[in-house]
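Enquirer: Quick one: this structure, given as structure tokens, is what I'll be asking you about.
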Amino acid sequence: MQSRLSLQGRLAVLVLAATAPVAAVSAWAHFALGSGFFAATLLALLSGLALAAWYGRRFVVKPTRQILGAVHRIEGGQLDARVPLLGRPARGEFARIGSAFNLMAESLQRRQHELESELGRSRSAYAVLDTVMNSMQEGVIAVDRNGRFLMTNRAAANLFPVEGAGAPPVDWVAAFGLYQPGTEALYPGEQTPLARAMHGEEGDMLVQVRNRLVPQGRLLRCNYCPLHDVNGVAGGLLVFTDVTALERAEANLLQHLREFSAMLQRTAEAAQAITRNQALGRTLQEVADQSRRVIGAHYAAIRLVAADGDATGPYWTRSASERYPAGEHPAKTEARLIVPLVNGRDEAIGELELADKYQGSFSDRDEYVAIELAQLASIAIENARLFGQVHELNAGLEARIAQRTAELVRQGRLYRTLAEQAPEVVWNTDASGTQLTFLNRAWYDLVGGTEADWIGRSGLGAIHPDDRAAVSANWRRSRDTLSTFTGIRRLRARDGSYHTMSYKGAPVFDENGEVAFWVGIDSDITELKAIEEALRTSNAELEAFSYSVSHDLRSPLGAIDGFSRALAGRLESHPDAKVQHYLSRIQAGVGRMEQLIEALLGLSRVAREPLHPETVDLAALARESLEALQAAEPGRSVATHVADGLLVQGDARLLRILVENLLGNAWKFTSKAPEPCIEVGRDEADGSYFVRDNGVGFEMAYAGKLFSAFQRLHTEAEFPGTGIGLATVRRIVSRHRGRVWAESAPGQGTTIRFTLAG
């Protein structure tokens, strides 16, 4: 039976064993003296006692103290403590105990060093994670089920008071200032992102945050999901993205629409002001003043050429801000806008010039409004000249008025004809927006019917029943805000089919600022929608065709391969060496075709199979791929570096194919480099991921061909391959709503960069 005594217990037994002879001799001497036996015997016994005591101190007590001292130093944390063995081989119980103790101490010391090294690596990895987290623009907060903070980053600390241990989920609304967007109302506690994550939900929502750190408030999009352990939901992970700038951009767009609406209103007011004047001079001045006011420019001028029979010669008038005193003209460097003035007979009668806009440069919108003003000015000028002629010439007054009236009627008919001939549907309603007052010919060509069927009605009967509620709600919002409204709706054509229309409407105001009527345009986008659907169908059919052809090609290839091998067996002893050469060429071609078919099938699968998004570690995929490449070519020595923390959202299977193709190319094209090197990482500047090598490289002039199927920049003899790999990479990146591009130079290697939107 083996002893189970501890180290200290065994030492105690040895001490007792060493001192037992001394006690026995002492007892026997006492007996001899008491009985009167021989003095010589007593002397011998005393000498043996002294020798035993000396032996016990030297060979028992001293080693025992040394071992116990080393034990105490080890217990005090001195793992380098050892039992001195004096260089002698381990003989005897104490020597074996000391040797075993020293082996144990060395093992403990090595284990301590290993733990310290592992702790150092853990601290380094934590530092990298901390750097990545605090470099993110998104705020990240992870909490346990009790609301205690497990992890936060610098972006989150700039938005929320995350110092301390945290707060229960029910207290987050008040502590963090979580408001419903566009209101002053706090979110109910059970509707906050954290509460939803605690209930096992995941998703995203908009949150208006206003607290002592962001008193002005920020609009954030919060992505939330639960954290799980073996017991279920263990906490929540929240990622906050600041979308305040996007909200401001939308506000700027709304402001732009309001400005355009205001410009239209000013244009309507200008039209009334211009047409009120009868004298030519006042009309010209009104045109210049109103044009400058409507467009928003420091300078406007009207120039008229002399009309037939007009003895007063050409006319010129100007309107300018205080920037241009009387007589001054804007420098040629100032931006200017010039539109012609044309009378009812399509004759040029002058021009309208605008220069030095208040803000920015002249836009297409400004040009459109200026043309409309020029048309109004042309009519007003013609009218003013007419009134002048009436005042100057009394004779034939009624005839002249009739002539000018006919010209105005002609002009009105011209404008109506233009509206009638427009390819888009043009419509007007009354101020209430409930009754149509005008429909052009495009409406009747599309929908059918007559004016009696539509004028004075709402027109909702022509709209698809499923679209009527949305169209009505859209118009009510526009009516309440007096703004332009747009959207997509379906109109029933005369043949019973429905056409998809893009519509846009806007109010027109009278001189009192009230809505006079509504104008709108419907553009038929049915063909565009059909083209989009046809493209989708064509792509699907092309993928199916590629897949089918790839499968159908395998059967004859198998037959060619089988018969060529059978023929090779029959002709194995044929005297003509070229026969075997030809057969080997046939079999090599079959193998090459099999590779191309497999590549086509892989490309087809990439395009057809559904995505399964999840968190994927590109660094882990890259290391696995490099290990497989090294195992396939153990004789090659390639320096590799893969950055840590390359986490993305995407389909794990497709991303593995992407990484394997990119690293396979890098491995192949560095085969002739003296010191091959491959690097995988992420560019913090633009957020792109990259695979970089120092291989053969290529001319950037051919970069456009790189990601197309069967496009190769090197011959098969130089670098074998199918020419499908990078086409597959582009397809995978495209399915993840990203982009891929290359940077290279001959002899200087290649860098393939890509982005992933998830």
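FYI, nothing fancy with the structure tokens labels: chains A, B, ... in order, residues from 1 per chain, ligands from 1 as they appear.
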Would you pick out the contacts of region 223-232 of chain A at 7 Å or less, using only C-alpha atoms, so that residues sharing its chain but fewer than 6 positions from it are not included, and give the list as a PyMOL selection string?
Expert: chain A and resi 193+197-198+200-205+238-240
Enquirer: Mind checking which residues fall within 10 Å of region 150-161 of chain A, counting only C-alpha atoms, ignoring those fewer than 6 positions away in the same chain, and posting them as a PyMOL selection string?
Expert: chain A and resi 130-144+175-177+209-215+217-218+220+235-242
Enquirer: Using only N, CA, C and O atoms, please write the residues we just selected to a file, as a short mmCIF file (atom, residue, chain, number, x, y, z; two decimals), in the first residue's frame.
Expert:
```
data_model
loop_
_atom_site.label_atom_id
_atom_site.label_comp_id
_atom_site.auth_asym_id
_atom_site.auth_seq_id
_atom_site.Cartn_x
_atom_site.Cartn_y
_atom_site.Cartn_z
N ASP A 130 -10.03 47.80 -27.14
CA ASP A 130 -10.37 49.12 -26.59
C ASP A 130 -10.12 50.21 -27.62
O ASP A 130 -10.90 51.15 -27.77
N THR A 131 -8.98 50.07 -28.37
CA THR A 131 -8.67 51.07 -29.41
C THR A 131 -9.73 51.07 -30.50
O THR A 131 -10.20 52.11 -30.96
N VAL A 132 -10.12 49.86 -30.95
CA VAL A 132 -11.14 49.76 -32.01
C VAL A 132 -12.47 50.34 -31.53
O VAL A 132 -13.12 51.12 -32.23
N MET A 133 -12.88 49.94 -30.32
CA MET A 133 -14.16 50.43 -29.80
C MET A 133 -14.17 51.95 -29.68
O MET A 133 -15.14 52.61 -30.06
N ASN A 134 -13.08 52.51 -29.17
CA ASN A 134 -13.05 53.96 -28.96
C ASN A 134 -12.76 54.73 -30.23
O ASN A 134 -12.78 55.97 -30.22
N SER A 135 -12.43 54.02 -31.34
CA SER A 135 -12.26 54.68 -32.63
C SER A 135 -13.57 54.71 -33.41
O SER A 135 -13.65 55.38 -34.43
N MET A 136 -14.57 53.97 -32.98
CA MET A 136 -15.85 53.94 -33.69
C MET A 136 -16.60 55.25 -33.51
O MET A 136 -16.53 55.89 -32.46
N GLN A 137 -17.30 55.65 -34.55
CA GLN A 137 -18.17 56.82 -34.45
C GLN A 137 -19.50 56.47 -33.81
O GLN A 137 -20.18 57.35 -33.29
N GLU A 138 -19.85 55.18 -33.85
CA GLU A 138 -21.10 54.75 -33.23
C GLU A 138 -20.87 54.53 -31.73
O GLU A 138 -19.83 54.04 -31.31
N GLY A 139 -21.86 54.92 -30.95
CA GLY A 139 -21.80 54.67 -29.52
C GLY A 139 -22.25 53.24 -29.21
O GLY A 139 -23.30 52.81 -29.68
N VAL A 140 -21.45 52.50 -28.43
CA VAL A 140 -21.73 51.10 -28.11
C VAL A 140 -21.88 50.97 -26.59
O VAL A 140 -21.03 51.44 -25.83
N ILE A 141 -22.99 50.35 -26.18
CA ILE A 141 -23.24 50.12 -24.76
C ILE A 141 -23.73 48.67 -24.61
O ILE A 141 -24.65 48.25 -25.31
N ALA A 142 -23.09 47.92 -23.71
CA ALA A 142 -23.54 46.57 -23.38
C ALA A 142 -23.81 46.53 -21.87
O ALA A 142 -23.01 47.01 -21.07
N VAL A 143 -24.98 45.99 -21.50
CA VAL A 143 -25.37 45.93 -20.09
C VAL A 143 -25.86 44.52 -19.77
O VAL A 143 -26.25 43.76 -20.67
N ASP A 144 -25.81 44.19 -18.46
CA ASP A 144 -26.38 42.91 -18.04
C ASP A 144 -27.87 43.09 -17.75
O ASP A 144 -28.44 44.16 -17.93
N ALA A 175 -32.61 58.91 -17.04
CA ALA A 175 -31.16 59.09 -16.90
C ALA A 175 -30.51 59.47 -18.22
O ALA A 175 -29.60 60.30 -18.26
N PHE A 176 -30.97 58.89 -19.32
CA PHE A 176 -30.35 59.14 -20.62
C PHE A 176 -31.10 60.19 -21.44
O PHE A 176 -30.58 60.68 -22.41
N GLY A 177 -32.32 60.55 -21.05
CA GLY A 177 -33.10 61.54 -21.81
C GLY A 177 -33.52 61.01 -23.17
O GLY A 177 -33.14 61.54 -24.21
N VAL A 209 -32.25 62.11 -28.27
CA VAL A 209 -31.54 62.11 -26.99
C VAL A 209 -31.25 63.55 -26.58
O VAL A 209 -30.71 64.34 -27.37
N ARG A 210 -31.62 63.88 -25.36
CA ARG A 210 -31.35 65.22 -24.82
C ARG A 210 -31.07 65.06 -23.33
O ARG A 210 -31.94 64.65 -22.56
N ASN A 211 -29.82 65.35 -22.94
CA ASN A 211 -29.42 65.26 -21.54
C ASN A 211 -28.33 66.29 -21.28
O ASN A 211 -28.05 67.12 -22.14
N ARG A 212 -27.68 66.20 -20.14
CA ARG A 212 -26.69 67.22 -19.79
C ARG A 212 -25.45 67.16 -20.69
O ARG A 212 -24.75 68.17 -20.84
N LEU A 213 -25.18 66.00 -21.32
CA LEU A 213 -24.05 65.91 -22.23
C LEU A 213 -24.38 66.46 -23.61
O LEU A 213 -23.50 66.98 -24.31
N VAL A 214 -25.60 66.31 -24.05
CA VAL A 214 -26.05 66.84 -25.35
C VAL A 214 -27.32 67.66 -25.11
O VAL A 214 -28.42 67.24 -25.49
N PRO A 215 -27.16 68.82 -24.47
CA PRO A 215 -28.36 69.61 -24.15
C PRO A 215 -29.11 70.08 -25.39
O PRO A 215 -30.31 70.30 -25.34
N GLY A 217 -29.57 68.31 -27.99
CA GLY A 217 -30.29 67.16 -28.52
C GLY A 217 -29.65 66.61 -29.78
O GLY A 217 -29.10 67.35 -30.61
N ARG A 218 -29.71 65.28 -29.93
CA ARG A 218 -29.21 64.60 -31.12
C ARG A 218 -30.22 63.52 -31.52
O ARG A 218 -30.82 62.87 -30.66
N LEU A 220 -30.69 59.96 -32.95
CA LEU A 220 -29.88 58.76 -33.06
C LEU A 220 -30.72 57.60 -33.59
O LEU A 220 -31.89 57.48 -33.28
N GLY A 235 -28.63 40.12 -21.00
CA GLY A 235 -28.44 41.57 -21.08
C GLY A 235 -28.79 42.07 -22.46
O GLY A 235 -29.52 41.42 -23.22
N GLY A 236 -28.27 43.24 -22.81
CA GLY A 236 -28.58 43.83 -24.10
C GLY A 236 -27.38 44.57 -24.67
O GLY A 236 -26.52 45.06 -23.94
N LEU A 237 -27.31 44.63 -26.02
CA LEU A 237 -26.27 45.37 -26.73
C LEU A 237 -26.94 46.45 -27.57
O LEU A 237 -27.85 46.16 -28.35
N LEU A 238 -26.50 47.71 -27.39
CA LEU A 238 -27.09 48.84 -28.08
C LEU A 238 -26.00 49.56 -28.86
O LEU A 238 -24.91 49.82 -28.33
N VAL A 239 -26.27 49.86 -30.14
CA VAL A 239 -25.35 50.62 -30.99
C VAL A 239 -26.10 51.85 -31.50
O VAL A 239 -27.13 51.73 -32.18
N PHE A 240 -25.59 53.06 -31.16
CA PHE A 240 -26.24 54.31 -31.50
C PHE A 240 -25.47 55.01 -32.63
O PHE A 240 -24.26 55.20 -32.54
N THR A 241 -26.19 55.36 -33.72
CA THR A 241 -25.61 56.07 -34.85
C THR A 241 -26.26 57.45 -34.95
O THR A 241 -27.49 57.56 -34.99
N ASP A 242 -25.44 58.49 -35.01
CA ASP A 242 -25.94 59.86 -35.05
C ASP A 242 -26.44 60.17 -36.46
O ASP A 242 -25.67 60.15 -37.43
#
```
Enquirer: CA of Gly344 (chain A) and CA of Leu418 (chain A), how far apart in Å?
Expert: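 The value is 14.0 Å.
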Enquirer: Show me, as a PyMOL selection string, the residues that have an atom within 10 Å of region 333-341 of chain A when counting only C-alpha atoms, minus same-chain residues fewer than 4 positions from it.
Expert: chain A and resi 297+299-304+346-357+360-363+366-368+370-379+381
